[in-house]
Amino acid sequence: MTTTTRTVLITGANKGLGLEATRRLIAEGFTVYAGMRELAAGDAAREAGAIPVQLDVTDDASVTSAIAQLTSLDVLINNAGIGGSTASVADLTPAENDRVFATNVTGIVRVSQAALPLLHESEDPVIVNVASGLGFPRYLVDDSRAEGHVMTVPYVAAKAAVIALTVQYAKNLPEMRVNAVDPGYTATDLNGHTGTQTVTEGTDAIVAMAAVRSDGPTGRFFDRDGIIVY
């Protein structure tokens, strides 16, 4: 099992999946830095035993400052994301598409690139990117699945990009374990708590992939039941 020598940075850790993953990883023995846009929102993470750090994934200076507070890093969990405000093509604008991608895709690249020097110093460096089944084309064309009935464009396209960039990071960084996860339809603020899973169920794959070591999988996509075949 994990030990306290393993250090995690998780973005969007003040609520929802990020907060629950923070709690669970601390219980597993990890030291967790809980990234969040506003430190005033960090009471729950702090009470769980995490070290809150101000981190806005859309801001270079914020990310640089957050990474500078870490002396080591073994696991980066790119969890921060927004749902966006569009329901379909009817209300889609380029500006809204850019806004969603800025957080959900470019934010992952910004944080990952800033964290790479510290990750390279770890014996077992890991990156976990929180994607979604909504970004998986096979699910989107399956009317028997909930994903097949979602019409919004930016969020779905952004999560598809997260899966693709995970594969590419894994190919570029063979010394690291880089995987994407689908939390499933989990009750969080993102969906108005309409999800059918608890946050504990929704973080099963996140926690599992955070715990992999150098002999674990990389460049793959997982949900709580295991690997999702491309």
# chains A, B, ... in the order shown; residues from 1 in each chain; ligands from 1
call {"tool": "select_by_dssp", "arguments": {"residues": "region 42-219 of chain A", "states": "strand (DSSP E or B)", "output": "compact mmCIF listing (two decimals) with C-alpha atoms, in the first residue's frame"}}
result
# COMPACT_ATOMS: atom_id res chain seq x y z
CA ILE A 51 -2.46 21.22 2.45
CA PRO A 52 -4.55 23.75 0.47
CA VAL A 53 -2.75 25.68 -2.28
CA GLN A 54 -4.15 28.47 -4.41
CA VAL A 75 1.26 11.98 -8.39
CA LEU A 76 -0.48 14.76 -10.31
CA ILE A 77 -4.27 14.49 -10.57
CA ASN A 78 -5.74 16.87 -13.13
CA VAL A 126 2.07 9.30 -12.09
CA ILE A 127 -0.38 11.58 -13.89
CA VAL A 128 -4.12 10.99 -13.68
CA ASN A 129 -6.39 13.00 -15.96
CA VAL A 130 -10.07 13.11 -15.07
CA ARG A 177 2.32 6.26 -15.75
CA VAL A 178 -0.21 8.55 -17.43
CA ASN A 179 -3.85 7.48 -17.50
CA ALA A 180 -7.32 8.95 -17.94
CA VAL A 181 -10.36 8.06 -15.87
CA THR A 186 -21.70 11.10 -10.19
CA GLN A 197 -23.35 7.56 -8.22
call {"tool": "select_by_dssp", "arguments": {"residues": "region 82-206 of chain A", "states": "alpha helix (DSSP H)", "output": "number ranges by chain"}}
result
A: 94-101, 107-120, 137-140, 154-172, 199-202, 204-206
call {"tool": "closest_atom_pairs", "arguments": {"of": "region 125-184 of chain A", "to": "region 84-87 of chain A", "cutoff": "9 Å", "atoms": "only C-alpha atoms", "output": "tab-separated table"}}
result
residue	atom	partner	partner_atom	distance
A:Val150	CA	A:Ala87	CA	8.4
A:Met151	CA	A:Ala87	CA	6.2
A:Thr152	CA	A:Ala87	CA	4.6
A:Val153	CA	A:Thr86	CA	7.5
A:Pro154	CA	A:Gly84	CA	7.2
A:Tyr155	CA	A:Gly84	CA	6.6
call {"tool": "residues_around", "arguments": {"residues": "Gln113 (chain A)", "least_positions_apart": "6", "cutoff": "10 Å", "atoms": "only C-alpha atoms", "output": "ChimeraX atom specification"}}
result
/A:63,107,119
call {"tool": "residues_around", "arguments": {"residues": "Ala102 (chain A)", "least_positions_apart": "5", "cutoff": "10 Å", "atoms": "only C-alpha atoms", "output": "list of chain:residue names"}}
result
A:Val57, A:Thr58, A:Asp59, A:Gly81, A:Ile82, A:Glu96, A:Asn97, A:Gly107, A:Ile108, A:Val109, A:Arg110, A:Ala158
call {"tool": "atom_distance", "arguments": {"atom1": "CA of Asp43 (chain A)", "atom2": "CA of Ala13 (chain A)"}}
result
10.9 Å
call {"tool": "residues_around", "arguments": {"residues": "Ala146 (chain A)", "least_positions_apart": "2", "cutoff": "12 Å", "atoms": "only C-alpha atoms", "output": "mmCIF file with all heavy atoms, in the first residue's frame"}}
result
data_model
loop_
_atom_site.group_PDB
_atom_site.id
_atom_site.type_symbol
_atom_site.label_atom_id
_atom_site.label_comp_id
_atom_site.auth_asym_id
_atom_site.auth_seq_id
_atom_site.Cartn_x
_atom_site.Cartn_y
_atom_site.Cartn_z
ATOM 1 N N GLY A 133 -16.843 9.580 -19.700
ATOM 2 C CA GLY A 133 -17.409 8.762 -20.759
ATOM 3 C C GLY A 133 -18.024 9.609 -21.854
ATOM 4 O O GLY A 133 -18.178 9.154 -22.997
ATOM 5 N N LEU A 134 -18.345 10.865 -21.523
ATOM 6 C CA LEU A 134 -18.885 11.787 -22.526
ATOM 7 C C LEU A 134 -17.845 12.157 -23.579
ATOM 8 O O LEU A 134 -18.197 12.682 -24.632
ATOM 9 C CB LEU A 134 -19.410 13.056 -21.855
ATOM 10 C CG LEU A 134 -20.743 12.907 -21.114
ATOM 11 C CD1 LEU A 134 -21.021 14.138 -20.271
ATOM 12 C CD2 LEU A 134 -21.871 12.676 -22.111
ATOM 13 N N TYR A 139 -19.277 5.626 -26.784
ATOM 14 C CA TYR A 139 -20.418 5.832 -25.905
ATOM 15 C C TYR A 139 -21.392 6.864 -26.478
ATOM 16 O O TYR A 139 -22.607 6.753 -26.315
ATOM 17 C CB TYR A 139 -19.952 6.310 -24.527
ATOM 18 C CG TYR A 139 -19.248 5.271 -23.692
ATOM 19 C CD1 TYR A 139 -18.684 5.624 -22.466
ATOM 20 C CD2 TYR A 139 -19.125 3.940 -24.106
ATOM 21 C CE1 TYR A 139 -18.036 4.689 -21.678
ATOM 22 C CE2 TYR A 139 -18.474 2.999 -23.332
ATOM 23 C CZ TYR A 139 -17.927 3.386 -22.113
ATOM 24 O OH TYR A 139 -17.288 2.466 -21.325
ATOM 25 N N LEU A 140 -20.850 7.859 -27.172
ATOM 26 C CA LEU A 140 -21.685 8.943 -27.692
ATOM 27 C C LEU A 140 -22.647 8.483 -28.786
ATOM 28 O O LEU A 140 -23.691 9.108 -29.001
ATOM 29 C CB LEU A 140 -20.801 10.077 -28.231
ATOM 30 C CG LEU A 140 -19.975 10.845 -27.201
ATOM 31 C CD1 LEU A 140 -19.038 11.816 -27.896
ATOM 32 C CD2 LEU A 140 -20.881 11.588 -26.219
ATOM 33 N N VAL A 141 -22.298 7.420 -29.482
ATOM 34 C CA VAL A 141 -23.161 6.934 -30.566
ATOM 35 C C VAL A 141 -24.002 5.737 -30.129
ATOM 36 O O VAL A 141 -24.668 5.104 -30.956
ATOM 37 C CB VAL A 141 -22.331 6.568 -31.817
ATOM 38 C CG1 VAL A 141 -21.642 7.807 -32.374
ATOM 39 C CG2 VAL A 141 -21.298 5.477 -31.514
ATOM 40 N N ASP A 142 -24.000 5.466 -28.835
ATOM 41 C CA ASP A 142 -24.752 4.330 -28.295
ATOM 42 C C ASP A 142 -26.001 4.849 -27.587
ATOM 43 O O ASP A 142 -25.927 5.380 -26.486
ATOM 44 C CB ASP A 142 -23.871 3.550 -27.326
ATOM 45 C CG ASP A 142 -24.525 2.278 -26.811
ATOM 46 O OD1 ASP A 142 -25.748 2.115 -27.006
ATOM 47 O OD2 ASP A 142 -23.810 1.464 -26.186
ATOM 48 N N ASP A 143 -27.156 4.701 -28.225
ATOM 49 C CA ASP A 143 -28.404 5.218 -27.653
ATOM 50 C C ASP A 143 -28.828 4.505 -26.377
ATOM 51 O O ASP A 143 -29.687 4.996 -25.639
ATOM 52 C CB ASP A 143 -29.539 5.129 -28.679
ATOM 53 C CG ASP A 143 -29.411 6.147 -29.791
ATOM 54 O OD1 ASP A 143 -28.684 7.144 -29.583
ATOM 55 O OD2 ASP A 143 -30.020 5.948 -30.862
ATOM 56 N N SER A 144 -28.227 3.371 -26.096
ATOM 57 C CA SER A 144 -28.567 2.660 -24.874
ATOM 58 C C SER A 144 -27.851 3.235 -23.653
ATOM 59 O O SER A 144 -28.172 2.869 -22.522
ATOM 60 C CB SER A 144 -28.225 1.168 -25.008
ATOM 61 O OG SER A 144 -26.818 0.965 -25.016
ATOM 62 N N GLY A 148 -25.140 8.867 -24.942
ATOM 63 C CA GLY A 148 -25.660 8.986 -26.298
ATOM 64 C C GLY A 148 -26.754 10.010 -26.462
ATOM 65 O O GLY A 148 -27.123 10.334 -27.601
ATOM 66 N N HIS A 149 -27.262 10.539 -25.364
ATOM 67 C CA HIS A 149 -28.369 11.499 -25.436
ATOM 68 C C HIS A 149 -27.957 12.913 -25.025
ATOM 69 O O HIS A 149 -28.807 13.810 -24.983
ATOM 70 C CB HIS A 149 -29.518 11.012 -24.541
ATOM 71 C CG HIS A 149 -30.024 9.661 -24.947
ATOM 72 N ND1 HIS A 149 -30.970 9.493 -25.936
ATOM 73 C CD2 HIS A 149 -29.681 8.413 -24.530
ATOM 74 C CE1 HIS A 149 -31.207 8.199 -26.100
ATOM 75 N NE2 HIS A 149 -30.437 7.523 -25.254
ATOM 76 N N VAL A 150 -26.686 13.113 -24.761
ATOM 77 C CA VAL A 150 -26.193 14.436 -24.379
ATOM 78 C C VAL A 150 -25.890 15.243 -25.633
ATOM 79 O O VAL A 150 -25.219 14.755 -26.542
ATOM 80 C CB VAL A 150 -24.936 14.311 -23.495
ATOM 81 C CG1 VAL A 150 -24.325 15.677 -23.223
ATOM 82 C CG2 VAL A 150 -25.292 13.618 -22.173
ATOM 83 N N MET A 151 -26.376 16.492 -25.684
ATOM 84 C CA MET A 151 -26.251 17.306 -26.893
ATOM 85 C C MET A 151 -25.199 18.415 -26.805
ATOM 86 O O MET A 151 -24.812 18.978 -27.822
ATOM 87 C CB MET A 151 -27.606 17.938 -27.221
ATOM 88 C CG MET A 151 -28.744 16.944 -27.390
ATOM 89 S SD MET A 151 -28.442 15.723 -28.699
ATOM 90 C CE MET A 151 -28.600 16.770 -30.147
ATOM 91 N N GLY A 184 -17.764 8.388 -14.113
ATOM 92 C CA GLY A 184 -19.152 7.949 -14.223
ATOM 93 C C GLY A 184 -20.100 9.073 -13.838
ATOM 94 O O GLY A 184 -19.694 10.171 -13.447
ATOM 95 N N TYR A 185 -21.384 8.796 -13.933
ATOM 96 C CA TYR A 185 -22.412 9.817 -13.688
ATOM 97 C C TYR A 185 -22.590 9.990 -12.180
ATOM 98 O O TYR A 185 -23.395 9.316 -11.537
ATOM 99 C CB TYR A 185 -23.718 9.413 -14.362
ATOM 100 C CG TYR A 185 -24.775 10.489 -14.402
ATOM 101 C CD1 TYR A 185 -24.427 11.834 -14.464
ATOM 102 C CD2 TYR A 185 -26.127 10.160 -14.389
ATOM 103 C CE1 TYR A 185 -25.389 12.824 -14.512
ATOM 104 C CE2 TYR A 185 -27.105 11.135 -14.440
ATOM 105 C CZ TYR A 185 -26.724 12.466 -14.499
ATOM 106 O OH TYR A 185 -27.692 13.446 -14.539
ATOM 107 N N GLY A 195 -26.546 13.117 -10.628
ATOM 108 C CA GLY A 195 -25.844 11.874 -10.915
ATOM 109 C C GLY A 195 -26.322 10.722 -10.062
ATOM 110 O O GLY A 195 -26.824 10.906 -8.944
ATOM 111 N N THR A 196 -26.167 9.528 -10.588
ATOM 112 C CA THR A 196 -26.675 8.326 -9.913
ATOM 113 C C THR A 196 -25.633 7.658 -9.023
ATOM 114 O O THR A 196 -25.956 6.724 -8.300
ATOM 115 C CB THR A 196 -27.163 7.306 -10.960
ATOM 116 O OG1 THR A 196 -26.096 7.018 -11.877
ATOM 117 C CG2 THR A 196 -28.351 7.874 -11.738
#
call {"tool": "residues_around", "arguments": {"residues": "Arg37 (chain A)", "least_positions_apart": "3", "cutoff": "9 Å", "atoms": "only C-alpha atoms", "output": "list of chain:residue names"}}
result
A:Thr11, A:Gly12, A:Asn14, A:Ala40, A:Ala41, A:Val53, A:Gln54, A:Leu55, A:Asp56, A:Val57, A:Ser62
call {"tool": "residues_around", "arguments": {"residues": "Glu201 (chain A)", "least_positions_apart": "6", "cutoff": "12 Å", "atoms": "only C-alpha atoms", "output": "number ranges by chain"}}
result
A: 16-17, 20-21, 24, 182-188, 195, 207-208, 223-225
